[in-house]
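Read the structure below first, then the notes.
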Amino acid sequence: MHKIIFSLALLAFLLLISSTLYAGGGGAGGLKSDYIKLELILNEDSIDTSEDLNNLEPGLYEFRVKNKTSEKVEFVILDLKTSKQLAKLKIKPNKTKKSRVKITENGFKYQQSNGDWHEFAVN
């Protein structure tokens, strides 16, 4: 009887630990540390980034996009080669939204509310 109780307690503890470490984020799964955070600030006439997006490698990224314009914007990220939509965010003025995406060796491009596309190859 003690073995059964001990086994159930151990199983419950292991489930608790694994659920604490696991961050499902949008169905992509993975550990929280698997995602590299990228911050983008949308201004009226430009997009500022936290780092050079030309030097990224394939992997998991969390795009944190802040709208500093006076209007609601739509921010879209597509696979550069296939044009598959990776993320689509609708962001109100002075708000921030985030999306977790998997960037492949195809590269990616993004656009702010029907503006110009910004294309990025990856290493």
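If you're wondering about the labels, chains in the structure tokens are A, B, ... by order shown, residues count from 1 in each chain, ligands from 1 in order shown.
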Applying 7 Å and only C-alpha atoms, which residues near region 56-66 of chain A remain after dropping the ones on its own chain fewer than 3 positions away? List them as a list in words. Asp34, Tyr35, Ile36, Lys37, Leu38, Glu39, Leu40, Ile41, Leu42, Leu53, Asn94, Lys95, Thr96, Lys97, Lys98, Ser99, Arg100, Val101, Lys102, Ile103, Thr104, Glu105, Val122 and Asn123 of chain A
Would you mind writing down, as a PyMOL selection string, each residue of region 56-120 of chain A that DSSP on the backbone assigns to strand (DSSP E)? chain A and resi 59-67+73-79+85-91+96-103+108-112+117-120
Mind dumping the selected residues with C-alpha atoms as a CSV table (one decimal), in the first residue's frame?
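Listing of again-v4.csv after writing:
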```csv
chain,number,residue,atom,x,y,z
A,59,GLY,CA,14.7,28.9,-34.6
A,60,LEU,CA,11.9,29.9,-32.2
A,61,TYR,CA,11.2,33.6,-31.8
A,62,GLU,CA,8.8,35.7,-29.8
A,63,PHE,CA,8.0,38.9,-31.6
A,64,ARG,CA,6.9,41.6,-29.1
A,65,VAL,CA,5.4,44.4,-31.2
A,66,LYS,CA,4.5,47.8,-29.7
A,67,ASN,CA,2.3,50.2,-31.6
A,73,VAL,CA,-2.2,48.7,-37.0
A,74,GLU,CA,-2.0,45.2,-38.5
A,75,PHE,CA,1.4,43.5,-38.3
A,76,VAL,CA,1.9,40.4,-40.4
A,77,ILE,CA,4.9,38.0,-40.5
A,78,LEU,CA,5.2,35.6,-43.5
A,79,ASP,CA,7.6,32.9,-44.5
A,85,GLN,CA,1.5,33.3,-42.6
A,86,LEU,CA,3.4,32.9,-39.4
A,87,ALA,CA,1.7,35.6,-37.4
A,88,LYS,CA,-1.0,38.4,-37.7
A,89,LEU,CA,-1.4,40.9,-34.9
A,90,LYS,CA,-3.9,43.7,-34.7
A,91,ILE,CA,-2.6,46.3,-32.3
A,96,THR,CA,1.9,45.7,-27.2
A,97,LYS,CA,1.1,42.3,-28.6
A,98,LYS,CA,3.3,39.3,-28.9
A,99,SER,CA,3.4,36.2,-31.1
A,100,ARG,CA,5.7,33.1,-31.1
A,101,VAL,CA,6.8,31.9,-34.4
A,102,LYS,CA,9.2,29.4,-35.9
A,103,ILE,CA,11.6,30.9,-38.4
A,108,PHE,CA,10.8,35.8,-43.2
A,109,LYS,CA,9.2,39.1,-44.0
A,110,TYR,CA,6.9,41.4,-42.2
A,111,GLN,CA,4.6,44.3,-43.0
A,112,GLN,CA,2.9,47.0,-41.0
A,117,TRP,CA,7.4,44.5,-46.9
A,118,HIS,CA,10.7,44.1,-44.9
A,119,GLU,CA,12.5,40.9,-46.0
A,120,PHE,CA,15.1,39.0,-44.0
```
Select from region 13-119 of chain A everything DSSP, run on the backbone, classes as helix (DSSP H, G or I), then give the selection as JSON, numbers by chain. {"A": [13, 14, 15, 16, 17, 18, 19, 20, 21, 25, 26, 27, 32, 33, 34, 53, 54, 55]}
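Shell of Asn106 (chain A) at 7 Å, with only C-alpha atoms counted and residues fewer than 5 places along the chain excluded, is Asp79, Leu80, Lys81 and Ala121 of chain A.
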Selected residues, N, CA and C atoms, written as a PDB file, in the first residue's frame, please.
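Writing the result to selection-v7.pdb gives the following:
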```pdb
ATOM      1  N   ASP A  79       6.470  33.587 -44.023  1.00  0.00           N
ATOM      2  CA  ASP A  79       7.642  32.856 -44.469  1.00  0.00           C
ATOM      3  C   ASP A  79       8.090  33.498 -45.784  1.00  0.00           C
ATOM      4  N   LEU A  80       9.372  33.799 -45.917  1.00  0.00           N
ATOM      5  CA  LEU A  80       9.862  34.524 -47.085  1.00  0.00           C
ATOM      6  C   LEU A  80       9.737  33.718 -48.373  1.00  0.00           C
ATOM      7  N   LYS A  81       9.941  32.404 -48.296  1.00  0.00           N
ATOM      8  CA  LYS A  81       9.928  31.565 -49.500  1.00  0.00           C
ATOM      9  C   LYS A  81       8.522  31.097 -49.876  1.00  0.00           C
ATOM     10  N   ALA A 121      16.681  37.337 -44.774  1.00  0.00           N
ATOM     11  CA  ALA A 121      17.221  36.003 -44.935  1.00  0.00           C
ATOM     12  C   ALA A 121      17.808  35.590 -43.584  1.00  0.00           C
TER      13      ALA A 121
END
```
Nearest to Ser113 (chain A), chosen from A:Ile5, A:Ser83, A:Asn55, A:Ile47, with only C-alpha atoms counted in the distances: A:Ile47
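Separating CA of Asp52 (chain A) from CA of Gly115 (chain A) is a distance of 20.1 Å.
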